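Engineer: Got a file for you: protein_27.cif, mmCIF, C-alpha atoms; chains and numbers go by the auth columns.
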data_query
loop_
_atom_site.group_PDB
_atom_site.id
_atom_site.type_symbol
_atom_site.label_atom_id
_atom_site.label_comp_id
_atom_site.label_asym_id
_atom_site.label_seq_id
_atom_site.Cartn_x
_atom_site.Cartn_y
_atom_site.Cartn_z
_atom_site.B_iso_or_equiv
_atom_site.auth_seq_id
_atom_site.auth_asym_id
ATOM 1 C CA MET A 1 92.388 86.852 111.548 0.00 1 A
ATOM 2 C CA GLY A 2 94.296 83.625 111.562 0.00 2 A
ATOM 3 C CA LYS A 3 98.034 83.570 111.078 0.00 3 A
ATOM 4 C CA SER A 4 97.963 80.942 108.340 0.00 4 A
ATOM 5 C CA ARG A 5 98.291 83.750 105.806 0.00 5 A
ATOM 6 C CA ARG A 6 100.954 86.422 105.824 0.00 6 A
ATOM 7 C CA THR A 7 99.743 89.995 106.063 0.00 7 A
ATOM 8 C CA LEU A 8 100.529 92.600 103.417 0.00 8 A
ATOM 9 C CA PRO A 9 102.964 94.517 105.668 0.00 9 A
ATOM 10 C CA GLU A 10 104.894 91.282 106.220 0.00 10 A
ATOM 11 C CA GLU A 11 104.968 90.487 102.509 0.00 11 A
ATOM 12 C CA LEU A 12 106.017 94.013 101.568 0.00 12 A
ATOM 13 C CA LEU A 13 108.865 93.877 104.077 0.00 13 A
ATOM 14 C CA LEU A 14 110.029 90.476 102.818 0.00 14 A
ATOM 15 C CA LEU A 15 110.028 91.851 99.267 0.00 15 A
ATOM 16 C CA ALA A 16 112.188 94.756 100.388 0.00 16 A
ATOM 17 C CA LEU A 17 114.788 92.628 102.184 0.00 17 A
ATOM 18 C CA ASP A 18 117.996 92.352 100.187 0.00 18 A
ATOM 19 C CA PRO A 19 119.238 88.744 100.521 0.00 19 A
ATOM 20 C CA ALA A 20 122.831 89.813 99.845 0.00 20 A
ATOM 21 C CA THR A 21 123.121 92.622 102.398 0.00 21 A
ATOM 22 C CA GLY A 22 120.382 91.813 104.902 0.00 22 A
ATOM 23 C CA THR A 23 119.145 95.416 104.716 0.00 23 A
ATOM 24 C CA THR A 24 115.854 96.801 103.453 0.00 24 A
ATOM 25 C CA ALA A 25 115.602 98.652 100.161 0.00 25 A
ATOM 26 C CA GLN A 26 114.001 102.108 100.175 0.00 26 A
ATOM 27 C CA PRO A 27 113.954 102.329 103.997 0.00 27 A
ATOM 28 C CA GLN A 28 112.345 105.762 104.304 0.00 28 A
ATOM 29 C CA SER A 29 109.517 105.220 101.840 0.00 29 A
ATOM 30 C CA LEU A 30 109.111 101.653 103.113 0.00 30 A
ATOM 31 C CA ASP A 31 107.922 103.009 106.457 0.00 31 A
ATOM 32 C CA LEU A 32 105.114 104.820 104.617 0.00 32 A
ATOM 33 C CA GLY A 33 104.372 101.685 102.625 0.00 33 A
ATOM 34 C CA LEU A 34 104.035 99.586 105.771 0.00 34 A
ATOM 35 C CA ALA A 35 101.520 102.045 107.215 0.00 35 A
ATOM 36 C CA GLY A 36 99.615 101.903 103.938 0.00 36 A
ATOM 37 C CA ALA A 37 99.805 98.105 103.843 0.00 37 A
ATOM 38 C CA GLN A 38 98.147 98.011 107.263 0.00 38 A
ATOM 39 C CA LEU A 39 95.210 99.962 105.839 0.00 39 A
ATOM 40 C CA VAL A 40 94.828 97.582 102.892 0.00 40 A
ATOM 41 C CA GLU A 41 95.043 94.542 105.171 0.00 41 A
ATOM 42 C CA LEU A 42 92.362 95.994 107.449 0.00 42 A
ATOM 43 C CA ALA A 43 90.186 96.651 104.396 0.00 43 A
ATOM 44 C CA LEU A 44 90.669 93.064 103.178 0.00 44 A
ATOM 45 C CA ALA A 45 89.598 91.937 106.665 0.00 45 A
ATOM 46 C CA GLY A 46 86.423 94.017 106.381 0.00 46 A
ATOM 47 C CA ARG A 47 87.336 96.366 109.232 0.00 47 A
ATOM 48 C CA ILE A 48 87.702 99.602 107.256 0.00 48 A
ATOM 49 C CA ALA A 49 86.497 100.898 103.889 0.00 49 A
ATOM 50 C CA PRO A 50 87.353 103.826 101.622 0.00 50 A
ATOM 51 C CA ASP A 51 85.108 106.880 101.836 0.00 51 A
ATOM 52 C CA GLY A 52 86.253 109.075 98.974 0.00 52 A
ATOM 53 C CA ASP A 53 89.863 109.889 99.811 0.00 53 A
ATOM 54 C CA ARG A 54 89.229 109.017 103.450 0.00 54 A
ATOM 55 C CA ILE A 55 89.296 105.825 105.482 0.00 55 A
ATOM 56 C CA ALA A 56 86.312 104.881 107.629 0.00 56 A
ATOM 57 C CA VAL A 57 86.084 102.176 110.284 0.00 57 A
ATOM 58 C CA VAL A 58 83.094 99.964 109.514 0.00 58 A
ATOM 59 C CA VAL A 59 83.706 97.042 111.899 0.00 59 A
ATOM 60 C CA PRO A 60 85.816 97.883 114.979 0.00 60 A
ATOM 61 C CA ARG A 61 86.135 94.237 116.051 0.00 61 A
ATOM 62 C CA PRO A 62 89.820 93.217 116.555 0.00 62 A
ATOM 63 C CA THR A 63 91.467 91.041 113.943 0.00 63 A
ATOM 64 C CA GLY A 64 93.672 89.102 116.355 0.00 64 A
ATOM 65 C CA ASP A 65 96.857 90.642 114.921 0.00 65 A
ATOM 66 C CA PRO A 66 98.244 92.991 117.637 0.00 66 A
ATOM 67 C CA THR A 67 99.934 95.447 115.260 0.00 67 A
ATOM 68 C CA LEU A 68 96.937 95.699 112.956 0.00 68 A
ATOM 69 C CA ASP A 69 94.594 96.015 115.913 0.00 69 A
ATOM 70 C CA CYS A 70 96.655 98.902 117.269 0.00 70 A
ATOM 71 C CA ALA A 71 96.179 100.724 113.969 0.00 71 A
ATOM 72 C CA LEU A 72 92.467 99.843 113.909 0.00 72 A
ATOM 73 C CA GLU A 73 91.958 101.207 117.422 0.00 73 A
ATOM 74 C CA LEU A 74 93.761 104.435 116.581 0.00 74 A
ATOM 75 C CA LEU A 75 91.539 104.856 113.525 0.00 75 A
ATOM 76 C CA ARG A 76 88.457 104.173 115.639 0.00 76 A
ATOM 77 C CA ARG A 77 89.467 106.811 118.155 0.00 77 A
ATOM 78 C CA ARG A 78 89.504 109.447 115.437 0.00 78 A
ATOM 79 C CA GLY A 79 85.713 109.222 115.459 0.00 79 A
ATOM 80 C CA ALA A 80 85.402 110.342 111.842 0.00 80 A
ATOM 81 C CA PRO A 81 86.904 109.143 108.565 0.00 81 A
ATOM 82 C CA VAL A 82 90.529 110.216 108.202 0.00 82 A
ATOM 83 C CA ARG A 83 92.241 111.195 104.971 0.00 83 A
ATOM 84 C CA ALA A 84 94.556 108.433 103.822 0.00 84 A
ATOM 85 C CA VAL A 85 97.363 110.874 103.033 0.00 85 A
ATOM 86 C CA ASN A 86 97.223 112.339 106.554 0.00 86 A
ATOM 87 C CA TRP A 87 97.166 108.918 108.193 0.00 87 A
ATOM 88 C CA ILE A 88 100.092 107.567 106.200 0.00 88 A
ATOM 89 C CA GLY A 89 102.059 110.791 106.647 0.00 89 A
ATOM 90 C CA GLY A 90 101.784 110.678 110.433 0.00 90 A
ATOM 91 C CA PRO A 91 104.857 109.683 112.474 0.00 91 A
ATOM 92 C CA ARG A 92 105.217 106.001 113.245 0.00 92 A
ATOM 93 C CA LEU A 93 108.417 105.441 115.133 0.00 93 A
ATOM 94 C CA GLY A 94 109.736 101.925 114.814 0.00 94 A
ATOM 95 C CA LEU A 95 107.040 100.437 112.564 0.00 95 A
ATOM 96 C CA ARG A 96 109.624 98.778 110.323 0.00 96 A
ATOM 97 C CA GLN A 97 111.493 97.421 113.319 0.00 97 A
ATOM 98 C CA THR A 98 108.237 96.199 114.824 0.00 98 A
ATOM 99 C CA TYR A 99 107.595 94.083 111.738 0.00 99 A
ATOM 100 C CA LEU A 100 111.198 92.893 111.492 0.00 100 A
ATOM 101 C CA SER A 101 111.022 91.718 115.098 0.00 101 A
ATOM 102 C CA HIS A 102 107.704 90.037 114.376 0.00 102 A
ATOM 103 C CA LEU A 103 109.150 88.192 111.369 0.00 103 A
ATOM 104 C CA GLU A 104 112.049 87.106 113.554 0.00 104 A
ATOM 105 C CA ARG A 105 109.691 85.726 116.211 0.00 105 A
ATOM 106 C CA CYS A 106 107.807 83.856 113.485 0.00 106 A
ATOM 107 C CA GLY A 107 111.062 82.334 112.268 0.00 107 A
ATOM 108 C CA MET A 108 110.905 83.950 108.825 0.00 108 A
ATOM 109 C CA VAL A 109 114.085 86.012 109.337 0.00 109 A
ATOM 110 C CA HIS A 110 117.013 85.893 111.741 0.00 110 A
ATOM 111 C CA ALA A 111 119.024 88.818 113.031 0.00 111 A
ATOM 112 C CA VAL A 112 122.756 89.041 112.342 0.00 112 A
ATOM 113 C CA ALA A 113 124.717 91.449 114.551 0.00 113 A
ATOM 114 C CA GLY A 114 127.568 93.417 113.013 0.00 114 A
ATOM 115 C CA GLN A 115 129.402 96.728 113.074 0.00 115 A
ATOM 116 C CA MET A 116 129.538 99.698 110.771 0.00 116 A
ATOM 117 C CA CYS A 117 133.037 101.122 110.226 0.00 117 A
ATOM 118 C CA GLY A 118 134.182 98.721 112.936 0.00 118 A
ATOM 119 C CA VAL A 119 132.500 100.830 115.617 0.00 119 A
ATOM 120 C CA LEU A 120 128.752 101.343 115.295 0.00 120 A
ATOM 121 C CA PRO A 121 126.652 98.267 116.075 0.00 121 A
ATOM 122 C CA THR A 122 124.279 97.227 113.314 0.00 122 A
ATOM 123 C CA THR A 123 121.740 94.485 112.782 0.00 123 A
ATOM 124 C CA ARG A 124 121.025 92.812 109.474 0.00 124 A
ATOM 125 C CA TYR A 125 118.135 90.464 108.789 0.00 125 A
ATOM 126 C CA GLN A 126 118.426 87.371 106.634 0.00 126 A
ATOM 127 C CA ALA A 127 115.445 85.366 105.431 0.00 127 A
ATOM 128 C CA THR A 128 115.439 81.878 106.933 0.00 128 A
ATOM 129 C CA ASP A 129 113.406 80.439 104.064 0.00 129 A
ATOM 130 C CA ASN A 130 114.012 82.051 100.687 0.00 130 A
ATOM 131 C CA GLU A 131 111.159 79.991 99.271 0.00 131 A
ATOM 132 C CA ILE A 132 108.691 82.339 100.985 0.00 132 A
ATOM 133 C CA SER A 133 110.228 85.407 99.324 0.00 133 A
ATOM 134 C CA ARG A 134 110.330 83.593 95.985 0.00 134 A
ATOM 135 C CA GLU A 135 106.628 82.730 96.285 0.00 135 A
ATOM 136 C CA ILE A 136 105.742 86.377 96.972 0.00 136 A
ATOM 137 C CA ARG A 137 107.927 87.590 94.133 0.00 137 A
ATOM 138 C CA GLY A 138 106.500 84.890 91.860 0.00 138 A
ATOM 139 C CA ARG A 139 102.977 86.267 92.269 0.00 139 A
ATOM 140 C CA LEU A 140 104.131 89.676 91.068 0.00 140 A
ATOM 141 C CA ASP A 141 106.141 88.155 88.215 0.00 141 A
ATOM 142 C CA SER A 142 103.136 86.124 87.098 0.00 142 A
ATOM 143 C CA ALA A 143 100.829 89.143 87.071 0.00 143 A
ATOM 144 C CA ILE A 144 103.416 91.149 85.109 0.00 144 A
ATOM 145 C CA ARG A 145 104.206 88.368 82.647 0.00 145 A
ATOM 146 C CA THR A 146 100.707 87.096 81.895 0.00 146 A
ATOM 147 C CA GLY A 147 98.737 90.327 82.045 0.00 147 A
ATOM 148 C CA VAL A 148 95.932 88.439 83.804 0.00 148 A
ATOM 149 C CA PRO A 149 94.280 90.659 86.451 0.00 149 A
ATOM 150 C CA PRO A 150 95.668 89.529 89.811 0.00 150 A
ATOM 151 C CA ASP A 151 93.709 88.894 92.966 0.00 151 A
ATOM 152 C CA PRO A 152 93.139 91.981 95.177 0.00 152 A
ATOM 153 C CA ARG A 153 95.924 91.026 97.605 0.00 153 A
ATOM 154 C CA THR A 154 98.547 90.696 94.875 0.00 154 A
ATOM 155 C CA ALA A 155 97.295 93.837 93.118 0.00 155 A
ATOM 156 C CA ALA A 156 97.597 95.812 96.371 0.00 156 A
ATOM 157 C CA LEU A 157 101.082 94.411 96.994 0.00 157 A
ATOM 158 C CA ALA A 158 102.132 95.474 93.488 0.00 158 A
ATOM 159 C CA ALA A 159 100.673 98.951 94.018 0.00 159 A
ATOM 160 C CA LEU A 160 102.538 99.358 97.313 0.00 160 A
ATOM 161 C CA ALA A 161 105.774 97.989 95.873 0.00 161 A
ATOM 162 C CA HIS A 162 105.582 100.562 93.097 0.00 162 A
ATOM 163 C CA ALA A 163 104.625 103.375 95.481 0.00 163 A
ATOM 164 C CA VAL A 164 107.651 102.881 97.749 0.00 164 A
ATOM 165 C CA GLY A 165 110.067 102.502 94.843 0.00 165 A
ATOM 166 C CA LEU A 166 110.750 98.773 95.031 0.00 166 A
ATOM 167 C CA GLY A 167 110.391 98.421 91.257 0.00 167 A
ATOM 168 C CA LYS A 168 114.044 99.304 90.668 0.00 168 A
ATOM 169 C CA HIS A 169 115.030 96.860 93.422 0.00 169 A
ATOM 170 C CA LEU A 170 112.945 93.995 92.031 0.00 170 A
ATOM 171 C CA TYR A 171 113.470 94.729 88.328 0.00 171 A
ATOM 172 C CA PRO A 172 116.713 96.687 88.021 0.00 172 A
ATOM 173 C CA GLY A 173 118.406 98.250 85.014 0.00 173 A
ATOM 174 C CA ASN A 174 117.243 98.897 81.484 0.00 174 A
ATOM 175 C CA GLU A 175 116.212 95.273 81.086 0.00 175 A
ATOM 176 C CA GLY A 176 113.708 95.700 83.916 0.00 176 A
ATOM 177 C CA ARG A 177 112.119 98.845 82.530 0.00 177 A
ATOM 178 C CA SER A 178 109.097 97.132 80.966 0.00 178 A
ATOM 179 C CA SER A 179 108.505 95.081 84.126 0.00 179 A
ATOM 180 C CA ARG A 180 108.610 98.240 86.245 0.00 180 A
ATOM 181 C CA SER A 181 106.072 99.823 83.924 0.00 181 A
ATOM 182 C CA ARG A 182 103.750 96.819 84.198 0.00 182 A
ATOM 183 C CA LEU A 183 104.175 96.798 87.977 0.00 183 A
ATOM 184 C CA ARG A 184 102.962 100.386 88.022 0.00 184 A
ATOM 185 C CA ASP A 185 99.986 99.495 85.830 0.00 185 A
ATOM 186 C CA LEU A 186 98.801 96.831 88.289 0.00 186 A
ATOM 187 C CA ILE A 187 97.775 99.646 90.616 0.00 187 A
ATOM 188 C CA ARG A 188 94.423 99.895 88.812 0.00 188 A
ATOM 189 C CA HIS A 189 93.277 96.390 89.768 0.00 189 A
ATOM 190 C CA ASP A 190 92.501 97.120 93.441 0.00 190 A
ATOM 191 C CA PRO A 191 90.685 100.346 94.430 0.00 191 A
ATOM 192 C CA MET A 192 91.843 100.300 98.047 0.00 192 A
ATOM 193 C CA GLY A 193 95.407 99.450 97.076 0.00 193 A
ATOM 194 C CA GLY A 194 95.337 102.237 94.507 0.00 194 A
ATOM 195 C CA LEU A 195 94.004 104.772 97.008 0.00 195 A
ATOM 196 C CA VAL A 196 96.675 103.887 99.546 0.00 196 A
ATOM 197 C CA ALA A 197 99.492 103.704 96.987 0.00 197 A
ATOM 198 C CA HIS A 198 98.651 107.167 95.664 0.00 198 A
ATOM 199 C CA ALA A 199 98.541 108.473 99.232 0.00 199 A
ATOM 200 C CA VAL A 200 102.016 107.007 99.862 0.00 200 A
ATOM 201 C CA MET A 201 103.353 108.741 96.759 0.00 201 A
ATOM 202 C CA ASP A 202 101.631 112.011 97.694 0.00 202 A
ATOM 203 C CA VAL A 203 103.283 111.987 101.113 0.00 203 A
ATOM 204 C CA GLN A 204 106.687 111.404 99.504 0.00 204 A
ATOM 205 C CA ASN A 205 106.049 114.303 97.140 0.00 205 A
ATOM 206 C CA GLY A 206 104.944 116.559 99.988 0.00 206 A
ATOM 207 C CA VAL A 207 101.366 116.681 98.756 0.00 207 A
ATOM 208 C CA ALA A 208 98.474 116.920 101.186 0.00 208 A
ATOM 209 C CA ALA A 209 96.105 118.922 99.032 0.00 209 A
ATOM 210 C CA GLN A 210 92.515 119.480 99.971 0.00 210 A
ATOM 211 C CA PRO A 211 89.905 117.709 97.840 0.00 211 A
ATOM 212 C CA ARG A 212 89.000 119.643 94.715 0.00 212 A
ATOM 213 C CA ARG A 213 86.221 122.134 95.166 0.00 213 A
ATOM 214 C CA SER A 214 83.178 121.961 92.981 0.00 214 A
ATOM 215 C CA PRO A 215 82.924 124.774 90.409 0.00 215 A
ATOM 216 C CA ALA A 216 80.671 127.693 91.227 0.00 216 A
ATOM 217 C CA PRO A 217 77.120 127.424 89.872 0.00 217 A
ATOM 218 C CA ALA A 218 76.608 128.975 86.456 0.00 218 A
ATOM 219 C CA GLY A 219 75.423 132.551 86.509 0.00 219 A
ATOM 220 C CA ARG A 220 76.981 133.438 89.855 0.00 220 A
ATOM 221 C CA GLN A 221 78.769 136.749 89.541 0.00 221 A
ATOM 222 C CA ALA A 222 81.801 137.779 91.535 0.00 222 A
ATOM 223 C CA ALA A 223 81.355 140.702 93.852 0.00 223 A
ATOM 224 C CA PRO A 224 82.690 143.995 92.430 0.00 224 A
ATOM 225 C CA GLY A 225 86.361 144.418 93.210 0.00 225 A
ATOM 226 C CA SER A 226 86.733 140.870 94.481 0.00 226 A
ATOM 227 C CA ARG A 227 89.800 138.809 93.585 0.00 227 A
ATOM 228 C CA PRO A 228 89.550 135.558 91.617 0.00 228 A
ATOM 229 C CA PRO A 229 89.528 132.503 93.888 0.00 229 A
ATOM 230 C CA GLU A 230 92.937 130.983 94.528 0.00 230 A
ATOM 231 C CA PRO A 231 93.679 127.309 93.944 0.00 231 A
ATOM 232 C CA ALA A 232 93.243 125.067 96.953 0.00 232 A
ATOM 233 C CA ARG A 233 96.404 125.036 98.986 0.00 233 A
ATOM 234 C CA GLY A 234 97.953 122.133 100.832 0.00 234 A
ATOM 235 C CA VAL A 235 96.986 121.598 104.406 0.00 235 A
ATOM 236 C CA PRO A 236 99.461 120.552 107.053 0.00 236 A
ATOM 237 C CA MET A 237 99.518 116.882 107.868 0.00 237 A
ATOM 238 C CA GLN A 238 97.919 115.962 111.133 0.00 238 A
ATOM 239 C CA PRO A 239 100.255 114.211 113.513 0.00 239 A
ATOM 240 C CA HIS A 240 99.340 110.653 114.366 0.00 240 A
ATOM 241 C CA ARG A 241 99.153 109.865 118.018 0.00 241 A
ATOM 242 C CA GLY A 242 100.208 106.283 118.175 0.00 242 A
ATOM 243 C CA THR A 243 102.152 104.014 120.406 0.00 243 A
ATOM 244 C CA MET A 244 104.829 102.095 118.554 0.00 244 A
ATOM 245 C CA ALA A 245 108.073 100.495 119.575 0.00 245 A
ATOM 246 C CA ARG A 246 110.840 103.090 119.406 0.00 246 A
ATOM 247 C CA ALA A 247 113.758 101.463 117.699 0.00 247 A
ATOM 248 C CA VAL A 248 115.978 102.120 114.743 0.00 248 A
ATOM 249 C CA ALA A 249 115.521 99.694 111.855 0.00 249 A
ATOM 250 C CA HIS A 250 118.638 98.667 110.029 0.00 250 A
#
Could you render the structure from this file as structure tokens?
Structural biologist:
Amino acid sequence: MGKSRRTLPEELLLLALDPATGTTAQPQSLDLGLAGAQLVELALAGRIAPDGDRIAVVVPRPTGDPTLDCALELLRRRGAPVRAVNWIGGPRLGLRQTYLSHLERCGMVHAVAGQMCGVLPTTRYQATDNEISREIRGRLDSAIRTGVPPDPRTAALAALAHAVGLGKHLYPGNEGRSSRSRLRDLIRHDPMGGLVAHAVMDVQNGVAAQPRRSPAPAGRQAAPGSRPPEPARGVPMQPHRGTMARAVAH
């Protein structure tokens, strides 16, 4: 994958950066969104594909992007398709900071050191070229304003932005209510983006339910004295064994 085009995790992070404060909006859910954006980017690159509610590696060849290739290799090592909700819900220490540092190396943001309460050191990140952020935002605005189905990349970005709660950051207040609603509706224009966005929201809501079971064949009788079947219960999320930079994103 060449670097002439920004990846979805990079674009999502640039959307979340507040130009006034240099901090990221929705920091906790943004971490989930970045993990989901990696999946969509790998799907756009033809390396993975949805398999029901699971993600399967179809081409294990590296993309040339080190962070994406780390995720691809970890998926490959699973050996079998992994549920999107379990993958996104796994711990990823420092993923946001990894991408912030990457954007800094690429010259798209610069770090500004500071202090919190005059004591605790902090780091803020300012975009070096606001035109890039405006171009990304403009694609979303155009899709919302015109109602024309966007390309898969923009549709996935909109789905992820909605899933992590960036709608109220991008389109605040009562005047932005209709735009937030249209942003949510864009989720239907990209199947992979929709799958990942719903998985991000499920993780935030504490949902990791098993797939629905098929109904019992007609005519099958319950054994005498047996109890009615209980609804499928949630299953614990499987921890993700990954190697990521351990740093605190500001």
Engineer: Please expand the PyMOL selection byres ((chain A and resi 56) around 10) into the concrete residues it hits in this file, giving the result as a PDB file with C-alpha atoms, in the coordinates of the input.
Structural biologist:
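Dumped to selection.pdb:
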ATOM      1  CA  ALA A  43      90.186  96.651 104.396  1.00  0.00           C
ATOM      2  CA  ARG A  47      87.336  96.366 109.232  1.00  0.00           C
ATOM      3  CA  ILE A  48      87.702  99.602 107.256  1.00  0.00           C
ATOM      4  CA  ALA A  49      86.497 100.898 103.889  1.00  0.00           C
ATOM      5  CA  PRO A  50      87.353 103.826 101.622  1.00  0.00           C
ATOM      6  CA  ASP A  51      85.108 106.880 101.836  1.00  0.00           C
ATOM      7  CA  GLY A  52      86.253 109.075  98.974  1.00  0.00           C
ATOM      8  CA  ASP A  53      89.863 109.889  99.811  1.00  0.00           C
ATOM      9  CA  ARG A  54      89.229 109.017 103.450  1.00  0.00           C
ATOM     10  CA  ILE A  55      89.296 105.825 105.482  1.00  0.00           C
ATOM     11  CA  VAL A  57      86.084 102.176 110.284  1.00  0.00           C
ATOM     12  CA  VAL A  58      83.094  99.964 109.514  1.00  0.00           C
ATOM     13  CA  VAL A  59      83.706  97.042 111.899  1.00  0.00           C
ATOM     14  CA  LEU A  75      91.539 104.856 113.525  1.00  0.00           C
ATOM     15  CA  ARG A  76      88.457 104.173 115.639  1.00  0.00           C
ATOM     16  CA  ARG A  78      89.504 109.447 115.437  1.00  0.00           C
ATOM     17  CA  GLY A  79      85.713 109.222 115.459  1.00  0.00           C
ATOM     18  CA  ALA A  80      85.402 110.342 111.842  1.00  0.00           C
ATOM     19  CA  PRO A  81      86.904 109.143 108.565  1.00  0.00           C
ATOM     20  CA  VAL A  82      90.529 110.216 108.202  1.00  0.00           C
ATOM     21  CA  ARG A  83      92.241 111.195 104.971  1.00  0.00           C
ATOM     22  CA  ALA A  84      94.556 108.433 103.822  1.00  0.00           C
TER      23      ALA A  84
END
Engineer: With the file shown as input, list the residues that the PyMOL selection byres ((chain A and resi 65) around 12) selects, as a PyMOL selection string.
Structural biologist: chain A and resi 1-7+9-10+38+41-42+45+61-64+66-73+99+102
Engineer: Rounded to one decimal in Å, what is the spacing between atom CA of A:Asp31 and atom CA of A:Tyr125?
Structural biologist: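 For atom CA of A:Asp31 relative to atom CA of A:Tyr125, the distance reads 16.3 Å.
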Engineer: Written as a list in words, which residues does the PyMOL selection byres ((chain A and resi 100) around 10) give for the file shown?
Structural biologist: Glu10, Leu13, Leu14, Leu17, Gly94, Leu95, Arg96, Gln97, Thr98, Tyr99, Ser101, His102, Leu103, Glu104, Arg105, Cys106, Met108, Val109, His110, Ala111, Tyr125, Ala249 and His250 of chain A
Engineer: At most 8 Å is the cut-off: for each residue in stretch 90-157 of chain A with any atom that close to an atom of stretch 161-185 of chain A, write down the nearest atom pair and the distance in Å rounded to one decimal, counting only C-alpha atoms, chain first then increasing number, as JSON lines.
Structural biologist:
{"residue": "A:Leu140", "atom": "CA", "partner": "A:Leu183", "partner_atom": "CA", "distance": 7.8}
{"residue": "A:Ile144", "atom": "CA", "partner": "A:Arg182", "partner_atom": "CA", "distance": 5.8}
{"residue": "A:Leu157", "atom": "CA", "partner": "A:Ala161", "partner_atom": "CA", "distance": 6.0}
Engineer: At what distance in Å, to one decimal, does atom CA of A:Pro152 lie from atom CA of A:Gly194?
Structural biologist: 10.5 Å
